[in-house]
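Student: Data file entry.json (JSON, C-alpha atoms) is appended below.
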```
[["chain", "number", "residue", "atom", "x", "y", "z"],
["A", 1, "MET", "CA", 30.66, -1.09, -3.21],
["A", 2, "THR", "CA", 27.33, 0.59, -2.50],
["A", 3, "MET", "CA", 24.54, -0.44, -4.88],
["A", 4, "LYS", "CA", 22.77, 2.28, -6.80],
["A", 5, "VAL", "CA", 19.23, 3.11, -5.70],
["A", 6, "ARG", "CA", 17.07, 2.54, -8.79],
["A", 7, "LYS", "CA", 13.61, 1.77, -7.40],
["A", 8, "ALA", "CA", 11.19, 4.00, -5.51],
["A", 9, "ILE", "CA", 8.03, 2.93, -3.68],
["A", 10, "PHE", "CA", 4.98, 5.18, -3.39],
["A", 11, "PRO", "CA", 2.39, 3.90, -0.89],
["A", 12, "ALA", "CA", -0.95, 5.14, -2.25],
["A", 13, "ALA", "CA", -3.62, 2.79, -0.93],
["A", 14, "GLY", "CA", -4.99, 5.09, 1.78],
["A", 15, "LEU", "CA", -8.60, 6.27, 1.66],
["A", 16, "GLY", "CA", -7.92, 10.01, 2.01],
["A", 17, "THR", "CA", -10.75, 10.54, 4.48],
["A", 18, "ARG", "CA", -9.47, 14.00, 5.49],
["A", 19, "PHE", "CA", -10.46, 15.29, 2.05],
["A", 20, "LEU", "CA", -13.96, 13.87, 1.81],
["A", 21, "PRO", "CA", -16.14, 14.37, -0.16],
["A", 22, "ALA", "CA", -13.51, 15.25, -2.81],
["A", 23, "THR", "CA", -11.84, 11.86, -2.36],
["A", 24, "LYS", "CA", -15.04, 9.80, -2.42],
["A", 25, "ALA", "CA", -14.51, 8.93, -6.07],
["A", 26, "GLN", "CA", -10.91, 9.98, -6.76],
["A", 27, "PRO", "CA", -7.59, 9.23, -5.06],
["A", 28, "LYS", "CA", -6.22, 11.96, -2.80],
["A", 29, "GLU", "CA", -2.90, 11.49, -4.62],
["A", 30, "MET", "CA", -4.61, 12.86, -7.75],
["A", 31, "LEU", "CA", -5.74, 16.11, -6.16],
["A", 32, "PRO", "CA", -4.04, 18.88, -8.17],
["A", 33, "LEU", "CA", -1.54, 21.41, -6.91],
["A", 34, "VAL", "CA", -2.29, 24.08, -9.52],
["A", 35, "ASP", "CA", -2.41, 21.75, -12.56],
["A", 36, "LYS", "CA", -0.34, 18.75, -11.52],
["A", 37, "PRO", "CA", -1.49, 15.90, -9.23],
["A", 38, "ILE", "CA", 0.24, 15.57, -5.86],
["A", 39, "ILE", "CA", 1.83, 12.22, -6.65],
["A", 40, "GLN", "CA", 3.49, 13.52, -9.82],
["A", 41, "TYR", "CA", 5.62, 15.92, -7.77],
["A", 42, "GLY", "CA", 7.03, 12.93, -5.89],
["A", 43, "VAL", "CA", 7.55, 10.86, -9.04],
["A", 44, "GLU", "CA", 9.43, 13.74, -10.65],
["A", 45, "GLU", "CA", 11.58, 14.04, -7.52],
["A", 46, "ALA", "CA", 12.44, 10.33, -7.69],
["A", 47, "LEU", "CA", 13.31, 10.66, -11.38],
["A", 48, "ALA", "CA", 15.50, 13.71, -10.74],
["A", 49, "ALA", "CA", 17.30, 11.77, -7.99],
["A", 50, "GLY", "CA", 18.21, 8.97, -10.41],
["A", 51, "CYS", "CA", 15.48, 6.37, -9.85],
["A", 52, "ASP", "CA", 14.26, 4.78, -13.07],
["A", 53, "GLN", "CA", 11.64, 2.37, -11.68],
["A", 54, "ILE", "CA", 8.56, 3.49, -9.76],
["A", 55, "ILE", "CA", 6.42, 1.09, -7.74],
["A", 56, "ILE", "CA", 3.05, 2.45, -6.67],
["A", 57, "ILE", "CA", 1.11, 0.59, -3.98],
["A", 58, "THR", "CA", -2.56, 0.96, -4.84],
["A", 59, "GLY", "CA", -5.94, -0.26, -3.61],
["A", 60, "ARG", "CA", -9.60, -0.01, -4.52],
["A", 61, "GLY", "CA", -10.60, 3.19, -6.29],
["A", 62, "LYS", "CA", -7.05, 4.08, -7.34],
["A", 63, "SER", "CA", -7.27, 3.35, -11.06],
["A", 64, "ALA", "CA", -7.00, 7.07, -11.85],
["A", 65, "ILE", "CA", -3.34, 6.94, -10.77],
["A", 66, "GLU", "CA", -2.64, 4.15, -13.25],
["A", 67, "ASP", "CA", -4.50, 6.01, -15.99],
["A", 68, "HIS", "CA", -2.54, 9.19, -15.29],
["A", 69, "PHE", "CA", 0.85, 7.57, -15.90],
["A", 70, "ASP", "CA", -0.41, 5.49, -18.84],
["A", 71, "VAL", "CA", -0.69, 6.46, -22.52],
["A", 72, "SER", "CA", -3.96, 8.19, -23.43],
["A", 73, "TYR", "CA", -4.34, 7.46, -27.13],
["A", 74, "GLU", "CA", -7.67, 9.24, -27.60],
["A", 75, "LEU", "CA", -6.48, 12.42, -25.84],
["A", 76, "GLU", "CA", -3.18, 12.48, -27.72],
["A", 77, "LYS", "CA", -4.93, 12.00, -31.06],
["A", 78, "MET", "CA", -7.37, 14.81, -30.35],
["A", 79, "LEU", "CA", -4.60, 17.21, -29.30],
["A", 80, "GLU", "CA", -2.56, 16.35, -32.37],
["A", 81, "GLU", "CA", -5.50, 16.85, -34.73],
["A", 82, "LYS", "CA", -6.26, 20.25, -33.19],
["A", 83, "GLY", "CA", -2.63, 21.32, -33.38],
["A", 84, "LYS", "CA", -2.26, 21.72, -29.62],
["A", 85, "HIS", "CA", 1.33, 20.55, -29.63],
["A", 86, "ASP", "CA", 2.34, 22.19, -26.34],
["A", 87, "LEU", "CA", -0.36, 20.28, -24.47],
["A", 88, "LEU", "CA", 0.46, 17.12, -26.41],
["A", 89, "LYS", "CA", 4.08, 17.38, -25.27],
["A", 90, "ILE", "CA", 2.99, 17.72, -21.63],
["A", 91, "VAL", "CA", 0.68, 14.70, -21.87],
["A", 92, "ARG", "CA", 3.32, 12.52, -23.53],
["A", 93, "GLN", "CA", 5.98, 13.52, -21.00],
["A", 94, "ILE", "CA", 3.84, 12.03, -18.25],
["A", 95, "SER", "CA", 3.50, 8.60, -19.86],
["A", 96, "ASP", "CA", 7.10, 8.59, -21.16],
["A", 97, "MET", "CA", 8.51, 9.79, -17.85],
["A", 98, "ILE", "CA", 9.44, 6.54, -16.19],
["A", 99, "TYR", "CA", 8.71, 2.82, -15.84],
["A", 100, "VAL", "CA", 5.83, 2.29, -13.41],
["A", 101, "ALA", "CA", 4.70, -0.96, -11.79],
["A", 102, "TYR", "CA", 1.71, -1.41, -9.50],
["A", 103, "VAL", "CA", 1.12, -3.61, -6.49],
["A", 104, "ARG", "CA", -2.35, -4.03, -5.03],
["A", 105, "GLN", "CA", -2.60, -3.68, -1.25],
["A", 106, "LYS", "CA", -5.89, -5.44, -0.60],
["A", 107, "GLU", "CA", -6.26, -3.95, 2.88],
["A", 108, "ALA", "CA", -4.77, -0.72, 4.25],
["A", 109, "LEU", "CA", -2.77, -2.38, 7.02],
["A", 110, "GLY", "CA", -0.22, 0.32, 7.70],
["A", 111, "LEU", "CA", 2.78, 1.91, 6.02],
["A", 112, "GLY", "CA", 5.02, -1.00, 6.94],
["A", 113, "HIS", "CA", 2.64, -3.43, 5.27],
["A", 114, "ALA", "CA", 2.51, -1.25, 2.15],
["A", 115, "VAL", "CA", 6.30, -1.32, 1.86],
["A", 116, "LEU", "CA", 6.35, -5.07, 2.48],
["A", 117, "THR", "CA", 3.97, -5.71, -0.44],
["A", 118, "ALA", "CA", 6.69, -4.48, -2.82],
["A", 119, "ARG", "CA", 9.26, -6.99, -1.61],
["A", 120, "GLU", "CA", 9.18, -9.21, -4.71],
["A", 121, "LEU", "CA", 9.61, -6.24, -7.05],
["A", 122, "ILE", "CA", 12.44, -4.72, -5.04],
["A", 123, "GLY", "CA", 14.44, -7.91, -4.59],
["A", 124, "ASP", "CA", 17.84, -7.66, -2.90],
["A", 125, "GLU", "CA", 18.43, -3.96, -3.61],
["A", 126, "PRO", "CA", 18.38, -0.75, -1.61],
["A", 127, "PHE", "CA", 15.31, 1.31, -2.46],
["A", 128, "ALA", "CA", 13.59, 4.61, -1.84],
["A", 129, "THR", "CA", 10.19, 5.19, -0.29],
["A", 130, "LEU", "CA", 8.36, 8.48, -0.75],
["A", 131, "LEU", "CA", 5.11, 9.59, 0.85],
["A", 132, "ALA", "CA", 3.33, 11.66, -1.79],
["A", 133, "ASP", "CA", 1.59, 13.83, 0.83],
["A", 134, "ASP", "CA", 4.95, 15.41, 1.65],
["A", 135, "VAL", "CA", 5.60, 17.76, -1.26],
["A", 136, "ILE", "CA", 8.99, 19.40, -0.76],
["A", 137, "ASP", "CA", 10.22, 22.40, -2.73],
["A", 138, "ALA", "CA", 14.02, 22.12, -2.85],
["A", 139, "LYS", "CA", 16.82, 23.18, -5.20],
["A", 140, "VAL", "CA", 18.39, 19.74, -4.84],
["A", 141, "PRO", "CA", 15.69, 17.03, -4.65],
["A", 142, "VAL", "CA", 15.44, 15.76, -1.08],
["A", 143, "LEU", "CA", 15.75, 12.18, -2.28],
["A", 144, "LYS", "CA", 19.01, 13.12, -4.01],
["A", 145, "GLN", "CA", 20.25, 14.65, -0.75],
["A", 146, "LEU", "CA", 19.56, 11.33, 0.97],
["A", 147, "MET", "CA", 21.24, 9.39, -1.84],
["A", 148, "ASN", "CA", 24.41, 11.39, -1.30],
["A", 149, "VAL", "CA", 24.43, 10.26, 2.33],
["A", 150, "PHE", "CA", 23.65, 6.67, 1.33],
["A", 151, "ASP", "CA", 26.52, 6.64, -1.16],
["A", 152, "GLU", "CA", 28.88, 7.81, 1.58],
["A", 153, "LYS", "CA", 27.66, 5.64, 4.46],
["A", 154, "GLY", "CA", 26.23, 2.59, 2.71],
["A", 155, "CYS", "CA", 23.41, 2.44, 5.28],
["A", 156, "SER", "CA", 19.72, 3.28, 5.40],
["A", 157, "VAL", "CA", 19.02, 6.99, 5.72],
["A", 158, "ILE", "CA", 15.78, 8.86, 6.40],
["A", 159, "ALA", "CA", 14.81, 12.51, 6.08],
["A", 160, "THR", "CA", 14.22, 14.54, 9.21],
["A", 161, "GLN", "CA", 13.31, 18.10, 10.09],
["A", 162, "ILE", "CA", 13.35, 20.07, 13.32],
["A", 163, "VAL", "CA", 9.86, 20.48, 14.79],
["A", 164, "ASP", "CA", 9.50, 22.45, 18.01],
["A", 165, "GLY", "CA", 6.54, 22.58, 20.38],
["A", 166, "PRO", "CA", 3.33, 20.51, 20.53],
["A", 167, "ALA", "CA", 3.43, 19.70, 16.79],
["A", 168, "ILE", "CA", 6.15, 17.11, 17.47],
["A", 169, "SER", "CA", 3.42, 14.77, 18.74],
["A", 170, "SER", "CA", 2.15, 14.34, 15.18],
["A", 171, "TYR", "CA", 5.37, 12.71, 13.97],
["A", 172, "GLY", "CA", 7.68, 9.80, 14.44],
["A", 173, "VAL", "CA", 10.51, 11.23, 16.54],
["A", 174, "LEU", "CA", 14.17, 10.27, 16.66],
["A", 175, "LYS", "CA", 16.52, 9.60, 19.50],
["A", 176, "ALA", "CA", 19.82, 10.27, 17.79],
["A", 177, "LYS", "CA", 23.38, 11.52, 18.13],
["A", 178, "GLU", "CA", 24.92, 14.04, 15.81],
["A", 179, "VAL", "CA", 27.64, 12.83, 13.47],
["A", 180, "ALA", "CA", 30.80, 14.79, 14.21],
["A", 181, "GLY", "CA", 31.65, 17.39, 11.59],
["A", 182, "SER", "CA", 28.21, 17.34, 9.96],
["A", 183, "GLY", "CA", 27.22, 20.80, 11.18],
["A", 184, "GLY", "CA", 24.01, 19.50, 12.71],
["A", 185, "LYS", "CA", 22.86, 17.95, 9.41],
["A", 186, "LEU", "CA", 23.54, 14.24, 9.90],
["A", 187, "TYR", "CA", 22.57, 12.03, 12.86],
["A", 188, "GLU", "CA", 23.02, 8.39, 13.75],
["A", 189, "VAL", "CA", 19.63, 7.08, 14.85],
["A", 190, "LEU", "CA", 19.50, 5.27, 18.19],
["A", 191, "ASP", "CA", 15.74, 4.78, 18.49],
["A", 192, "LEU", "CA", 12.40, 5.94, 17.05],
["A", 193, "VAL", "CA", 9.17, 6.79, 18.87],
["A", 194, "GLU", "CA", 5.84, 7.10, 17.05],
["A", 195, "LYS", "CA", 3.82, 10.23, 17.94],
["A", 196, "PRO", "CA", 5.04, 10.71, 21.52],
["A", 197, "LYS", "CA", 3.61, 13.16, 24.01],
["A", 198, "VAL", "CA", 5.56, 16.40, 24.04],
["A", 199, "ALA", "CA", 7.08, 15.58, 27.44],
["A", 200, "ASP", "CA", 8.17, 12.14, 26.21],
["A", 201, "ALA", "CA", 9.67, 13.19, 22.87],
["A", 202, "PRO", "CA", 13.37, 12.17, 22.81],
["A", 203, "SER", "CA", 14.28, 15.12, 20.55],
["A", 204, "ASN", "CA", 12.83, 17.68, 18.15],
["A", 205, "LEU", "CA", 13.88, 15.62, 15.11],
["A", 206, "ALA", "CA", 10.76, 14.53, 13.24],
["A", 207, "VAL", "CA", 10.66, 11.80, 10.58],
["A", 208, "ILE", "CA", 9.55, 13.07, 7.16],
["A", 209, "GLY", "CA", 8.23, 11.01, 4.25],
["A", 210, "ARG", "CA", 11.50, 10.27, 2.45],
["A", 211, "TYR", "CA", 13.47, 7.09, 3.10],
["A", 212, "ILE", "CA", 16.31, 5.14, 1.52],
["A", 213, "LEU", "CA", 16.31, 1.65, 2.97],
["A", 214, "THR", "CA", 18.30, -1.55, 2.61],
["A", 215, "PRO", "CA", 16.37, -4.77, 1.84],
["A", 216, "THR", "CA", 17.04, -5.89, 5.43],
["A", 217, "VAL", "CA", 13.96, -3.88, 6.38],
["A", 218, "PHE", "CA", 11.78, -6.49, 4.66],
["A", 219, "GLU", "CA", 13.08, -9.07, 7.12],
["A", 220, "THR", "CA", 12.37, -6.87, 10.12],
["A", 221, "LEU", "CA", 8.89, -6.01, 8.85],
["A", 222, "SER", "CA", 8.18, -9.72, 8.45],
["A", 223, "ASP", "CA", 9.32, -10.37, 12.01],
["A", 224, "ILE", "CA", 7.26, -7.75, 13.85],
["A", 225, "LYS", "CA", 3.72, -8.32, 15.04],
["A", 226, "PRO", "CA", 0.84, -6.10, 13.87],
["A", 227, "GLY", "CA", -0.15, -3.33, 16.26],
["A", 228, "ALA", "CA", -3.45, -1.50, 16.76],
["A", 229, "GLY", "CA", -5.96, -2.22, 14.01],
["A", 230, "GLY", "CA", -3.79, -5.06, 12.72],
["A", 231, "GLU", "CA", -1.40, -2.58, 11.12],
["A", 232, "LEU", "CA", 2.32, -3.01, 10.49],
["A", 233, "GLN", "CA", 4.13, 0.24, 11.20],
["A", 234, "LEU", "CA", 7.26, 1.19, 9.30],
["A", 235, "THR", "CA", 8.58, 2.77, 12.51],
["A", 236, "ASP", "CA", 8.61, -0.67, 14.15],
["A", 237, "GLY", "CA", 10.40, -2.11, 11.13],
["A", 238, "LEU", "CA", 13.05, 0.61, 11.39],
["A", 239, "ARG", "CA", 13.51, -0.10, 15.09],
["A", 240, "GLY", "CA", 14.19, -3.72, 14.17],
["A", 241, "LEU", "CA", 16.60, -2.56, 11.49],
["A", 242, "LEU", "CA", 18.59, -0.73, 14.16],
["A", 243, "GLN", "CA", 19.33, -4.07, 15.80],
["A", 244, "ARG", "CA", 21.09, -5.26, 12.64],
["A", 245, "GLU", "CA", 22.44, -2.20, 10.84],
["A", 246, "LYS", "CA", 23.14, 1.47, 11.29],
["A", 247, "LEU", "CA", 20.46, 3.99, 10.38],
["A", 248, "TYR", "CA", 21.12, 7.65, 9.68],
["A", 249, "ALA", "CA", 18.88, 10.70, 9.55],
["A", 250, "TYR", "CA", 19.59, 13.77, 7.45],
["A", 251, "VAL", "CA", 18.19, 17.25, 8.08],
["A", 252, "TYR", "CA", 17.26, 18.04, 4.49],
["A", 253, "GLU", "CA", 17.31, 21.42, 2.80],
["A", 254, "GLY", "CA", 13.97, 22.50, 1.35],
["A", 255, "ARG", "CA", 10.47, 23.63, 2.23],
["A", 256, "ARG", "CA", 7.93, 20.94, 3.02],
["A", 257, "PHE", "CA", 4.17, 21.10, 2.56],
["A", 258, "ASP", "CA", 1.89, 18.50, 4.15],
["A", 259, "THR", "CA", -0.67, 18.22, 1.38],
["A", 260, "GLY", "CA", -2.48, 15.48, 3.29],
["A", 261, "ASP", "CA", -3.78, 18.27, 5.51],
["A", 262, "LYS", "CA", -6.32, 20.78, 4.16],
["A", 263, "LEU", "CA", -4.44, 23.83, 5.37],
["A", 264, "GLY", "CA", -1.13, 22.42, 4.14],
["A", 265, "PHE", "CA", -2.72, 21.71, 0.76],
["A", 266, "LEU", "CA", -3.99, 25.28, 0.48],
["A", 267, "LYS", "CA", -0.60, 26.72, 1.43],
["A", 268, "ALA", "CA", 1.13, 24.54, -1.16],
["A", 269, "THR", "CA", -1.35, 25.57, -3.85],
["A", 270, "VAL", "CA", -0.69, 29.26, -3.19],
["A", 271, "GLU", "CA", 3.10, 28.87, -3.00],
["A", 272, "PHE", "CA", 3.39, 26.78, -6.16],
["A", 273, "ALA", "CA", 1.05, 29.10, -8.07],
["A", 274, "LEU", "CA", 3.17, 32.11, -7.10],
["A", 275, "LYS", "CA", 6.29, 30.37, -8.44],
["A", 276, "ARG", "CA", 4.74, 29.88, -11.88],
["A", 277, "GLU", "CA", 5.90, 32.26, -14.61],
["A", 278, "ASP", "CA", 2.53, 32.09, -16.36],
["A", 279, "LEU", "CA", 0.44, 32.62, -13.21],
["A", 280, "GLY", "CA", 2.60, 34.11, -10.48],
["A", 281, "GLY", "CA", 2.44, 37.79, -11.37],
["A", 282, "GLU", "CA", -1.30, 38.03, -11.91],
["A", 283, "PHE", "CA", -2.06, 35.77, -8.94],
["A", 284, "ARG", "CA", 0.18, 37.87, -6.68],
["A", 285, "GLU", "CA", -1.71, 41.02, -7.68],
["A", 286, "TYR", "CA", -5.00, 39.27, -6.95],
["A", 287, "LEU", "CA", -3.84, 38.28, -3.49],
["A", 288, "LYS", "CA", -2.78, 41.87, -2.80],
["A", 289, "SER", "CA", -6.25, 43.05, -3.75],
["A", 290, "LEU", "CA", -7.96, 40.92, -1.11],
["A", 291, "LYS", "CA", -9.19, 42.74, 1.98],
["A", 292, "LEU", "CA", -7.78, 40.46, 4.66]]
```
In C-alpha cells, write the structure found in this file.
Tutor:
Amino acid sequence: MTMKVRKAIFPAAGLGTRFLPATKAQPKEMLPLVDKPIIQYGVEEALAAGCDQIIIITGRGKSAIEDHFDVSYELEKMLEEKGKHDLLKIVRQISDMIYVAYVRQKEALGLGHAVLTARELIGDEPFATLLADDVIDAKVPVLKQLMNVFDEKGCSVIATQIVDGPAISSYGVLKAKEVAGSGGKLYEVLDLVEKPKVADAPSNLAVIGRYILTPTVFETLSDIKPGAGGELQLTDGLRGLLQREKLYAYVYEGRRFDTGDKLGFLKATVEFALKREDLGGEFREYLKSLKL
C-alpha cells in the first residue's frame, strides 16, 4: 500500500543575488506577488494537495520567513483593537495554516544538499519538494496532480513541461519514454541531463520545481560526490535513484511563472493582479491606458 505524502520540503537558503539590492536584507522568497510573498503560494499549494507538515530549509538572513508563518501577537492585538477584523483573519490564517519546521543549511551547497538536510525530519516516508520560485497557476494544484500519479504508480514522480528551442539549456532535461495510454502526459524517466547544450538535449521535456520522492533518494544523495563548487545536485541524486527504482515524469496542467527571474516576476505580478476581484478591473483599465 502506497504511503500518503504528508511532508513537503521548501529549499530557501539561496542568496537571491538576481534580485539585489532588494534581497540584500530580505529573503527573495518574501518578495510579494501583489500582497502575498512568493513562498506562501507554494505552501498553500502543498496544503491544498494534502500535506500537513512543511519543512523549510533556511540559512543566514532568512528569519523573515519564520516570522511570516509565526504568530504576531502585537500585530493581531492592534488589528483587534482597531476593529480591522478582515485583516486580522488574514493574518491569523497564515500562522494557523500548517505546521512548519525549519532546518538550517549552514552553507548553500546545492539543491541536493538542501534536500538531504531534511532527512531526519522526513524519516522513512515519501515526501514532496517544491521550489518556491516556480509559482504555478493551476485549477488542480500541480503537487496534487503529481500525488495522483504517485498513488497509482507508487514511485517517485517529478513535474515536467515541454520547452522548445534554446531555452531548454536552462533546465534539467529528461531522456524518457512515454507511458502507453497516457496521451503524452506521463513518461518513464530513463536519464536526466543538467542544462545541456541545445544539440545535446535528449528531449524537450524540462524538469520543473515540483517533486514527489521516495526516501531512497536520501541514500543516493549520500552516495554521490559533490560537483563544481562542492555542491550536491538533486539531478545526480535522481540519476542514482534510477538505478534502484522507477522514476516518472508528469506533464502538468497549469501556467508556470519563474519568479526567480526579474521578467518572470513582473509577468506573474501582472497576471495575479489581473485575477484579483478587488484589483483586476481597475488595473486592467490602467494597463489599457498606457501608450505602449
Student: Could I get the residues of region 38-85 of chain A with an atom no further than 9 Å from an atom of region 120-144 of chain A, each paired with its nearest atom pair and that distance in Å to one decimal, using all atoms listed in the file, sorted by chain and residue number, as a Markdown table?
Tutor:
```
| residue | atom | partner | partner_atom | distance |
| --- | --- | --- | --- | --- |
| A:Ile38 | CA | A:Ala132 | CA | 6.4 |
| A:Ile39 | CA | A:Ala132 | CA | 5.1 |
| A:Gln40 | CA | A:Ala132 | CA | 8.2 |
| A:Tyr41 | CA | A:Val135 | CA | 6.8 |
| A:Gly42 | CA | A:Ala132 | CA | 5.7 |
| A:Val43 | CA | A:Ala132 | CA | 8.4 |
| A:Glu45 | CA | A:Pro141 | CA | 5.8 |
| A:Ala46 | CA | A:Leu143 | CA | 6.6 |
| A:Ala48 | CA | A:Pro141 | CA | 6.9 |
| A:Ala49 | CA | A:Lys144 | CA | 4.5 |
| A:Gly50 | CA | A:Lys144 | CA | 7.7 |
| A:Cys51 | CA | A:Ala128 | CA | 8.4 |
| A:Ile55 | CA | A:Leu121 | CA | 8.0 |
```
Student: Since we have the selection now, will you write its residues out, keeping C-alpha atoms, as a PDB file, in the coordinates of the input?
Tutor:
```pdb
ATOM      1  CA  ILE A  38       0.240  15.570  -5.860  1.00  0.00           C
ATOM      2  CA  ILE A  39       1.830  12.220  -6.650  1.00  0.00           C
ATOM      3  CA  GLN A  40       3.490  13.520  -9.820  1.00  0.00           C
ATOM      4  CA  TYR A  41       5.620  15.920  -7.770  1.00  0.00           C
ATOM      5  CA  GLY A  42       7.030  12.930  -5.890  1.00  0.00           C
ATOM      6  CA  VAL A  43       7.550  10.860  -9.040  1.00  0.00           C
ATOM      7  CA  GLU A  45      11.580  14.040  -7.520  1.00  0.00           C
ATOM      8  CA  ALA A  46      12.440  10.330  -7.690  1.00  0.00           C
ATOM      9  CA  ALA A  48      15.500  13.710 -10.740  1.00  0.00           C
ATOM     10  CA  ALA A  49      17.300  11.770  -7.990  1.00  0.00           C
ATOM     11  CA  GLY A  50      18.210   8.970 -10.410  1.00  0.00           C
ATOM     12  CA  CYS A  51      15.480   6.370  -9.850  1.00  0.00           C
ATOM     13  CA  ILE A  55       6.420   1.090  -7.740  1.00  0.00           C
TER      14      ILE A  55
END
```
Student: Give as JSON, numbers by chain every residue, naming chains and numbers as the document does, that has an atom within 8 Å of (0.5, -7.0, -1.0), counting only C-alpha atoms.
Tutor: {"A": [103, 104, 105, 106, 113, 114, 116, 117, 118]}
Student: Check the smallest atom-to-atom distance from each of A:Ala180, A:Val115, A:Glu152, A:Met30 to Thr220 (chain A) using only C-alpha atoms, then report the winner.
Tutor: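 For Thr220 (chain A), the nearest of the candidates is A:Val115.
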Student: What is the CA of Asp52 (chain A) to CA of Ala8 (chain A) distance in Å?
Tutor: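 Going from CA of Asp52 (chain A) over to CA of Ala8 (chain A) covers 8.2 Å.
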Student: Just how far from CA of Leu221 (chain A) is CA of Leu234 (chain A), in Å to one decimal?
Tutor: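 The value is 7.4 Å.
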Student: Residues at most 9 Å from Gly110 (chain A), counting all atoms listed in the file, excluding those fewer than 2 positions away in the same chain, as a list in words?
Tutor: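 Final neighbour list, sorted by chain and number: Gly14, Glu107, Ala108, Gly112, His113, Ala114, Val115, Pro226, Gly229, Gly230, Glu231, Leu232, Gln233 and Leu234 of chain A.
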